[in-house]
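A quick write-up on the structure given underneath.
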Amino acid sequence: MNGRGALVLKVVYPLLALLLVIVVWHLAVAYYQIPRYVLPAPHDVALHIADDWRALMKGFGVTFIEFLLGFVLGAGAGFVFAVLMDAAQPVRGILYPILIVSQAIPIVAIAAALTIWLGFGLAPKLVIVALVVFFPVVVNVLDGLASVDADLLKLVRAMGASKLQVFRHVKLPATYSPLFSALKLSATFSVTGAVIAEWTASTSGGIGAYLLQANSRLNTSGTFAAIAFLAALGVVAFLLVVLTERLLTPWRTSSTARRWSRAYWRD
Amino acid sequence: MTTAPAKLALSRVSHRFGETVALAPTDLTIAPGEFVSVVGPSGCGKSTMFNIIAGVLTPTGGRVSVDGRDVTGRAGEVGYMLQKDLLLPWRTVLENIVLGATLKGGASRKEREEGVALARRYGLGDFVNHYPAALSGGMRQRVALMRTLAMHRDVLLLDEPFGALDSQTRFAMQQWLLSVWERERRTIVFVTHDIDESVYLSDRVVVMSPRPGRIRRILEVPIPRPRPVSCLTTPEFAAIKREILDIIYEEAPQIGAGTPETGA
């Protein structure tokens with residue numbers, strides 16, 4: 001695809017889609033004369049955002065930090081678990097059933113218990129976000145480790161590679177693609193996780209807490225402003241993952257190594 | 001044999017998987033710089049023998065030696081290449097070529113320079129910074145062979161390296177391999193299903209047969225080198241090919257044997 005076509009597809013179309021949603025929303029509110037406390041018009045929400053910009057941005061920052069730290073924590077823990085499970089069959093046999101059962105427990109149920117154990121601060125939020133990312137990462141990384149071609153392993157062993165070298169140069173890089181599939185999938189779910197955690201108990205005032213407050217006062221404009229910020233947060237989370245993926249796995253999007261990378265050969 | 005110094009020698013090498021004899025005691029001596037092909041139907045012990053020479057399988061009997069050194073069950077003593085190119089998609093062509101050095105603790109500047117020189121010598125100089133996904137099948141196999149060459153092993157073990165390529169590319173690759181072999185003076189053991197390929201490339205063809213896997217015959221290919229394409233249609237070539245086919249098919253179960261011949 002040429003650069004211009006890609007730009008249209010990646011930037012212009014999504015913006016057009018967003019515009020379309022706003023236009024339909026506006027027309028619907030005007031045509032059906034929907035009261036403001038049921039569904040505010042787009043410009044009401046925009047006005048609310050402008051009025052309460054500082055509080056919303058602060059909430060955005062709080063929830064973003066919860067997402068980011070929890071996400072990195074969960075992804076890291078999931079990765080380490082997967083590597084251990086791949087390395088030792090008994091570890092895998094014991095942990096796998098526990099992991100699956102743990103997935104069957106609704107996050108909301110865990111959230112309540114976590115408040116009792118960890119209080120109202122940042123810790124329970126991080127744990128919940130981490131739990132959301134953890135499982136997909138474990139499963140995908142395990143798949144990645146297991147799907148390394150047996151002939152490839154034979155080849156590198158015949159080349160005299162040690163177990164550690166095989167892991168570092170063959171198995172580890174093979175996990176990147178499935179890892180990022182898991183991360184992309186769970187990026188937006190993690191934001192949901194952060195919101196649920198804030199609903200359960202929050203003294204820190206993230207966007208989720210903001211939403212809860214606005215809703216309880218029938219401040220529908222406030223609710224929708226919070227929803228808009230949460231949507232933005234989800235998009236930011238997803239884009240961050242995509243950007244990291246592009247930086248760490250250049251071979252998936254480019255035909256040659258980057259000029260500034262260590263791999264690039266120059267005479 | 002003590003008269004001629006062997007580059008690679010198998011003496012009474014055998015292998016069994018449980019009750020099954022995969023390879024009956026086998027002797028094979030290969031001279032330095034020789035090009036030897038191994039042909040035979042599936043189940044003839046080709047792969048077992050290949051894995052034993054590569055050192056990834058320890059035989060249940062006998063020993064393998066390179067230059068008289070016992071290397072039985074030791075990996076990393078011979079260069080090794082398979083039908084699948086097995087290039088690492090996250091490494092550039094150059095990084096794939098120097099993989100052997102990387103696995104031994106990191107490729108030095110000198111080893112990388114050698115890798116680039118190899119790529120240039122064999123027509124991939126413009127692709128050293130490319131990822132394998134950007135290359136054609138033939139180019140990828142050439143990179144795989146360069147990776148094998150860059151390991152500086154005197155003996156190269158090639159298991160159907162061109163089996164997955166289309167016939168035109170395959171023929172071009174065979175000629176390219178001969179030019180590489182003539183230039184690098186390595187000893188090559190080449191496993192294949194393709195009898196034409198084995199005769200065209202080799203000094204000697206080892207014909208194996210199954211149940212139990214063993215060497216049936218070793219044939220000399222007296223066709224002078226360099227071998228032009230036209231040698232494929234000479235009576236000499238056809239005679240050797242017929243001889244190999246006879247050995248292989250005299251053992252194979254006769255499909256439809258006993259039914260009267262029909263048609264032309």
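If you're wondering about the labels, chains in the structure tokens are A, B, ... by order shown, residues count from 1 in each chain, ligands from 1 in order shown.
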As a ChimeraX atom specification, could you give me every residue of chain A near chain B (at most 10 Å apart, counting only C-alpha atoms)? /A:149,151-162,164-166,168-170,173-174,176,248-252,254-259,263-267
Report as a PyMOL selection string all protein, DNA and RNA residues lying within 12 Å of Ile100 of chain A, evaluated on only C-alpha atoms, omitting residues in the same chain fewer than 6 positions from it. chain A and resi 92-94+134-136+138-139
Could you take the residues named above and write them with N, CA and C atoms, as a compact mmCIF listing (two decimals), in the first residue's frame?
```
# COMPACT_ATOMS: atom_id res chain seq x y z
N ARG A 92 3.69 -26.42 34.87
CA ARG A 92 2.59 -26.20 33.94
C ARG A 92 1.35 -26.98 34.37
N GLY A 93 1.58 -28.25 34.73
CA GLY A 93 0.47 -29.11 35.11
C GLY A 93 -0.28 -28.59 36.32
N ILE A 94 0.45 -28.00 37.26
CA ILE A 94 -0.19 -27.50 38.48
C ILE A 94 -0.85 -26.14 38.24
N PHE A 134 -3.06 -10.53 32.67
CA PHE A 134 -2.26 -11.70 33.00
C PHE A 134 -2.60 -12.94 32.18
N PHE A 135 -3.88 -13.32 32.18
CA PHE A 135 -4.27 -14.58 31.56
C PHE A 135 -4.01 -14.63 30.05
N PRO A 136 -4.49 -13.65 29.30
CA PRO A 136 -4.19 -13.69 27.85
C PRO A 136 -2.69 -13.75 27.56
N VAL A 138 -0.28 -15.06 29.51
CA VAL A 138 0.22 -16.41 29.81
C VAL A 138 -0.11 -17.36 28.66
N VAL A 139 -1.39 -17.36 28.26
CA VAL A 139 -1.82 -18.32 27.23
C VAL A 139 -1.09 -18.09 25.91
```
Have a look at atom CA of Phe17 of chain B and atom CA of Lys171 of chain A and let me know their distance in Å, one decimal. 28.6 Å
Residues of segment 157-237 of chain A in alpha helix (DSSP H) according to DSSP, as a PDB file with C-alpha atoms, in the first residue's frame?
```
ATOM      1  CA  ARG A 157      21.380 -27.504  18.890  1.00  0.00           C
ATOM      2  CA  ALA A 158      23.385 -28.973  16.012  1.00  0.00           C
ATOM      3  CA  LYS A 163      19.865 -24.057  26.422  1.00  0.00           C
ATOM      4  CA  LEU A 164      20.213 -20.458  27.503  1.00  0.00           C
ATOM      5  CA  GLN A 165      21.306 -19.348  24.017  1.00  0.00           C
ATOM      6  CA  VAL A 166      18.397 -21.229  22.460  1.00  0.00           C
ATOM      7  CA  LEU A 172      12.212 -15.506  23.366  1.00  0.00           C
ATOM      8  CA  PRO A 173      11.876 -13.629  20.056  1.00  0.00           C
ATOM      9  CA  ALA A 174       9.257 -16.163  18.944  1.00  0.00           C
ATOM     10  CA  TYR A 176       6.845 -11.352  20.660  1.00  0.00           C
ATOM     11  CA  SER A 177       4.099 -11.731  18.072  1.00  0.00           C
ATOM     12  CA  PRO A 178       1.682 -13.718  20.263  1.00  0.00           C
ATOM     13  CA  LEU A 179       2.578 -11.510  23.236  1.00  0.00           C
ATOM     14  CA  PHE A 180       1.543  -8.380  21.387  1.00  0.00           C
ATOM     15  CA  SER A 181      -1.655 -10.008  20.127  1.00  0.00           C
ATOM     16  CA  ALA A 182      -2.561 -10.606  23.775  1.00  0.00           C
ATOM     17  CA  LEU A 183      -1.563  -7.079  24.791  1.00  0.00           C
ATOM     18  CA  LYS A 184      -3.600  -5.451  22.015  1.00  0.00           C
ATOM     19  CA  LEU A 185      -6.620  -7.517  22.974  1.00  0.00           C
ATOM     20  CA  SER A 186      -6.366  -6.711  26.670  1.00  0.00           C
ATOM     21  CA  ALA A 187      -5.360  -3.030  26.406  1.00  0.00           C
ATOM     22  CA  THR A 188      -8.947  -1.796  26.245  1.00  0.00           C
ATOM     23  CA  PHE A 189     -10.197  -4.419  28.717  1.00  0.00           C
ATOM     24  CA  SER A 190      -7.592  -3.176  31.174  1.00  0.00           C
ATOM     25  CA  VAL A 191      -9.150   0.272  31.124  1.00  0.00           C
ATOM     26  CA  THR A 192     -12.477  -1.370  31.969  1.00  0.00           C
ATOM     27  CA  GLY A 193     -10.685  -3.173  34.804  1.00  0.00           C
ATOM     28  CA  ALA A 194      -9.379   0.125  36.167  1.00  0.00           C
ATOM     29  CA  VAL A 195     -12.892   1.606  36.083  1.00  0.00           C
ATOM     30  CA  ILE A 196     -14.399  -1.355  37.915  1.00  0.00           C
ATOM     31  CA  ALA A 197     -11.666  -1.067  40.542  1.00  0.00           C
ATOM     32  CA  GLU A 198     -12.451   2.617  41.013  1.00  0.00           C
ATOM     33  CA  TRP A 199     -16.155   1.881  41.367  1.00  0.00           C
ATOM     34  CA  THR A 200     -15.532  -0.616  44.120  1.00  0.00           C
ATOM     35  CA  ILE A 207     -12.307   8.846  35.618  1.00  0.00           C
ATOM     36  CA  GLY A 208     -14.274   5.857  36.882  1.00  0.00           C
ATOM     37  CA  ALA A 209     -14.899   7.595  40.209  1.00  0.00           C
ATOM     38  CA  TYR A 210     -15.818  10.781  38.342  1.00  0.00           C
ATOM     39  CA  LEU A 211     -18.346   8.808  36.276  1.00  0.00           C
ATOM     40  CA  LEU A 212     -19.889   7.258  39.369  1.00  0.00           C
ATOM     41  CA  GLN A 213     -20.318  10.665  41.036  1.00  0.00           C
ATOM     42  CA  ALA A 214     -21.805  12.315  37.952  1.00  0.00           C
ATOM     43  CA  ASN A 215     -24.207   9.415  37.500  1.00  0.00           C
ATOM     44  CA  SER A 216     -25.443   9.502  41.096  1.00  0.00           C
ATOM     45  CA  THR A 220     -25.819  13.066  32.408  1.00  0.00           C
ATOM     46  CA  SER A 221     -23.494  15.535  30.669  1.00  0.00           C
ATOM     47  CA  GLY A 222     -20.861  14.667  33.266  1.00  0.00           C
ATOM     48  CA  THR A 223     -21.439  10.967  32.699  1.00  0.00           C
ATOM     49  CA  PHE A 224     -20.981  11.347  28.972  1.00  0.00           C
ATOM     50  CA  ALA A 225     -17.915  13.526  29.420  1.00  0.00           C
ATOM     51  CA  ALA A 226     -16.425  10.715  31.530  1.00  0.00           C
ATOM     52  CA  ILE A 227     -17.399   8.160  28.871  1.00  0.00           C
ATOM     53  CA  ALA A 228     -15.666  10.268  26.211  1.00  0.00           C
ATOM     54  CA  PHE A 229     -12.517  10.405  28.341  1.00  0.00           C
ATOM     55  CA  LEU A 230     -12.639   6.665  28.970  1.00  0.00           C
ATOM     56  CA  ALA A 231     -12.976   6.034  25.248  1.00  0.00           C
ATOM     57  CA  ALA A 232      -9.971   8.301  24.677  1.00  0.00           C
ATOM     58  CA  LEU A 233      -8.063   6.417  27.364  1.00  0.00           C
ATOM     59  CA  GLY A 234      -8.861   3.095  25.668  1.00  0.00           C
ATOM     60  CA  VAL A 235      -7.606   4.430  22.344  1.00  0.00           C
ATOM     61  CA  VAL A 236      -4.437   5.804  23.951  1.00  0.00           C
ATOM     62  CA  ALA A 237      -3.828   2.438  25.667  1.00  0.00           C
TER      63      ALA A 237
END
```
Between segment 1-56 of chain B and segment 235-250 of chain B, at 12 Å or less, what are the per-residue closest atom pairs and their distances in Å? Count only C-alpha atoms, order by chain and rising residue number, and return it as CSV.
```
residue,atom,partner,partner_atom,distance
B:Ser37,CA,B:Ile244,CA,11.9
B:Val38,CA,B:Ile244,CA,11.1
B:Val39,CA,B:Ile244,CA,8.8
B:Gly40,CA,B:Ile248,CA,6.7
B:Pro41,CA,B:Ile248,CA,7.3
B:Ser42,CA,B:Ile248,CA,10.9
B:Cys44,CA,B:Ile248,CA,10.3
```
Write out as a list in words which residues come within 12 Å of Leu27 of chain A when counting only C-alpha atoms, dropping same-chain ones fewer than 6 positions away. Leu20, Val21, Gln33, Ile34, Pro40, Ala41, Pro42 and His43 of chain A
Write a file of the selected residues as an mmCIF file, in the first residue's frame, keeping N, CA and C atoms.
```
data_model
loop_
_atom_site.group_PDB
_atom_site.id
_atom_site.type_symbol
_atom_site.label_atom_id
_atom_site.label_comp_id
_atom_site.auth_asym_id
_atom_site.auth_seq_id
_atom_site.Cartn_x
_atom_site.Cartn_y
_atom_site.Cartn_z
ATOM 1 N N LEU A 20 -19.249 10.963 12.075
ATOM 2 C CA LEU A 20 -20.551 10.388 11.722
ATOM 3 C C LEU A 20 -21.365 10.084 12.982
ATOM 4 N N VAL A 21 -20.708 9.494 13.980
ATOM 5 C CA VAL A 21 -21.381 9.157 15.232
ATOM 6 C C VAL A 21 -21.920 10.432 15.882
ATOM 7 N N GLN A 33 -36.292 15.216 20.295
ATOM 8 C CA GLN A 33 -36.373 16.125 21.447
ATOM 9 C C GLN A 33 -36.130 15.377 22.760
ATOM 10 N N ILE A 34 -35.037 14.660 22.812
ATOM 11 C CA ILE A 34 -34.683 13.897 24.000
ATOM 12 C C ILE A 34 -34.250 14.851 25.104
ATOM 13 N N PRO A 40 -27.748 13.928 26.731
ATOM 14 C CA PRO A 40 -27.353 15.291 26.367
ATOM 15 C C PRO A 40 -26.855 15.333 24.920
ATOM 16 N N ALA A 41 -27.023 16.463 24.270
ATOM 17 C CA ALA A 41 -26.522 16.621 22.898
ATOM 18 C C ALA A 41 -24.992 16.725 22.924
ATOM 19 N N PRO A 42 -24.351 16.462 21.784
ATOM 20 C CA PRO A 42 -22.872 16.525 21.762
ATOM 21 C C PRO A 42 -22.333 17.853 22.289
ATOM 22 N N HIS A 43 -22.993 18.956 21.935
ATOM 23 C CA HIS A 43 -22.425 20.239 22.376
ATOM 24 C C HIS A 43 -22.583 20.430 23.886
#
```
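The residue that comes closest to Gln168 of chain B, out of B:Ile188, B:Gly138, B:Val221, B:Asp154 and on the basis of only C-alpha atoms, is B:Gly138.
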Name all residues at most 6 Å from segment 64-78 of chain A (count only C-alpha atoms; drop same-chain ones fewer than 3 positions away) and give them as JSON, numbers by chain. {"A": [60, 61, 81, 126, 129, 130, 133, 134, 137, 138]}
Atoms to include: N, CA and C atoms. Write the selected residues as a PDB file, in the first residue's frame.
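part_30.pdb, written as the output of this step:
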```pdb
ATOM      1  N   PHE A  60      -8.217  11.580  34.333  1.00  0.00           N
ATOM      2  CA  PHE A  60      -7.607  10.857  33.227  1.00  0.00           C
ATOM      3  C   PHE A  60      -6.198  10.402  33.625  1.00  0.00           C
ATOM      4  N   GLY A  61      -5.458  11.326  34.238  1.00  0.00           N
ATOM      5  CA  GLY A  61      -4.094  11.009  34.665  1.00  0.00           C
ATOM      6  C   GLY A  61      -4.070   9.872  35.672  1.00  0.00           C
ATOM      7  N   PHE A  81       5.477 -16.212  34.229  1.00  0.00           N
ATOM      8  CA  PHE A  81       4.734 -17.450  34.474  1.00  0.00           C
ATOM      9  C   PHE A  81       4.800 -18.372  33.265  1.00  0.00           C
ATOM     10  N   LEU A 126      -4.189  -1.685  40.685  1.00  0.00           N
ATOM     11  CA  LEU A 126      -3.114  -2.308  39.901  1.00  0.00           C
ATOM     12  C   LEU A 126      -3.344  -3.805  39.787  1.00  0.00           C
ATOM     13  N   VAL A 129      -6.219  -4.535  37.243  1.00  0.00           N
ATOM     14  CA  VAL A 129      -5.760  -4.349  35.856  1.00  0.00           C
ATOM     15  C   VAL A 129      -4.777  -5.464  35.477  1.00  0.00           C
ATOM     16  N   ALA A 130      -3.873  -5.766  36.395  1.00  0.00           N
ATOM     17  CA  ALA A 130      -2.877  -6.816  36.123  1.00  0.00           C
ATOM     18  C   ALA A 130      -3.560  -8.158  35.870  1.00  0.00           C
ATOM     19  N   VAL A 133      -4.849  -8.508  32.277  1.00  0.00           N
ATOM     20  CA  VAL A 133      -3.833  -8.752  31.248  1.00  0.00           C
ATOM     21  C   VAL A 133      -3.174 -10.113  31.418  1.00  0.00           C
ATOM     22  N   PHE A 134      -3.063 -10.527  32.668  1.00  0.00           N
ATOM     23  CA  PHE A 134      -2.259 -11.696  33.004  1.00  0.00           C
ATOM     24  C   PHE A 134      -2.602 -12.937  32.181  1.00  0.00           C
ATOM     25  N   VAL A 137      -1.898 -13.035  28.370  1.00  0.00           N
ATOM     26  CA  VAL A 137      -0.450 -13.051  28.136  1.00  0.00           C
ATOM     27  C   VAL A 137       0.110 -14.451  28.395  1.00  0.00           C
ATOM     28  N   VAL A 138      -0.278 -15.065  29.515  1.00  0.00           N
ATOM     29  CA  VAL A 138       0.222 -16.407  29.814  1.00  0.00           C
ATOM     30  C   VAL A 138      -0.112 -17.363  28.662  1.00  0.00           C
TER      31      VAL A 138
END
```
Picked from segment 34-240 of chain B by DSSP as strand (DSSP E), as JSON, numbers by chain: {"B": [35, 36, 37, 38, 39, 61, 62, 63, 64, 65, 66, 69, 70, 79, 80, 81, 155, 156, 157, 158, 159, 187, 188, 189, 190, 191, 204, 205, 206, 207, 208, 209, 214, 215, 216, 217, 218, 219, 220]}
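Within 12 Å of Glu184 of chain B, once only C-alpha atoms are used and residues closer than 2 positions along the same chain are dropped, the contacting residues are B:Pro32, B:Gly33, B:Glu34, B:Leu118, B:Arg121, B:Tyr122, B:Met146, B:Leu149, B:Ala150, B:His152, B:Arg153, B:Asp154, B:Val155, B:Leu156, B:Leu177, B:Leu178, B:Ser179, B:Val180, B:Trp181, B:Glu182, B:Arg186, B:Thr187, B:Ile188.
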Any chance you can output those residues with C-alpha atoms as a tab-separated table (two decimals), in the first residue's frame?
```tsv
chain	number	residue	atom	x	y	z
B	32	PRO	CA	38.11	-34.60	1.97
B	33	GLY	CA	36.37	-32.40	-0.60
B	34	GLU	CA	34.15	-35.22	-1.78
B	118	LEU	CA	29.81	-14.34	1.73
B	121	ARG	CA	30.23	-13.38	-3.25
B	122	TYR	CA	27.05	-15.36	-3.74
B	146	MET	CA	25.64	-19.28	3.77
B	149	LEU	CA	29.21	-22.09	5.39
B	150	ALA	CA	29.85	-19.35	7.95
B	152	HIS	CA	33.56	-22.98	9.19
B	153	ARG	CA	32.94	-26.69	9.30
B	154	ASP	CA	34.74	-28.83	6.74
B	155	VAL	CA	31.81	-31.21	6.46
B	156	LEU	CA	28.43	-29.93	5.30
B	177	LEU	CA	25.68	-25.26	-5.00
B	178	LEU	CA	28.27	-26.88	-7.29
B	179	SER	CA	29.94	-23.52	-7.84
B	180	VAL	CA	29.99	-22.89	-4.08
B	181	TRP	CA	31.39	-26.38	-3.46
B	182	GLU	CA	34.11	-25.96	-6.10
B	186	ARG	CA	34.15	-28.46	1.59
B	187	THR	CA	33.06	-32.05	1.97
B	188	ILE	CA	29.35	-32.44	1.30
```
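For the choices B:Val66, B:Ala144, B:Leu201, B:Leu165, the atom-to-atom distance to Arg225 of chain B is smallest for B:Leu201 when using only C-alpha atoms.
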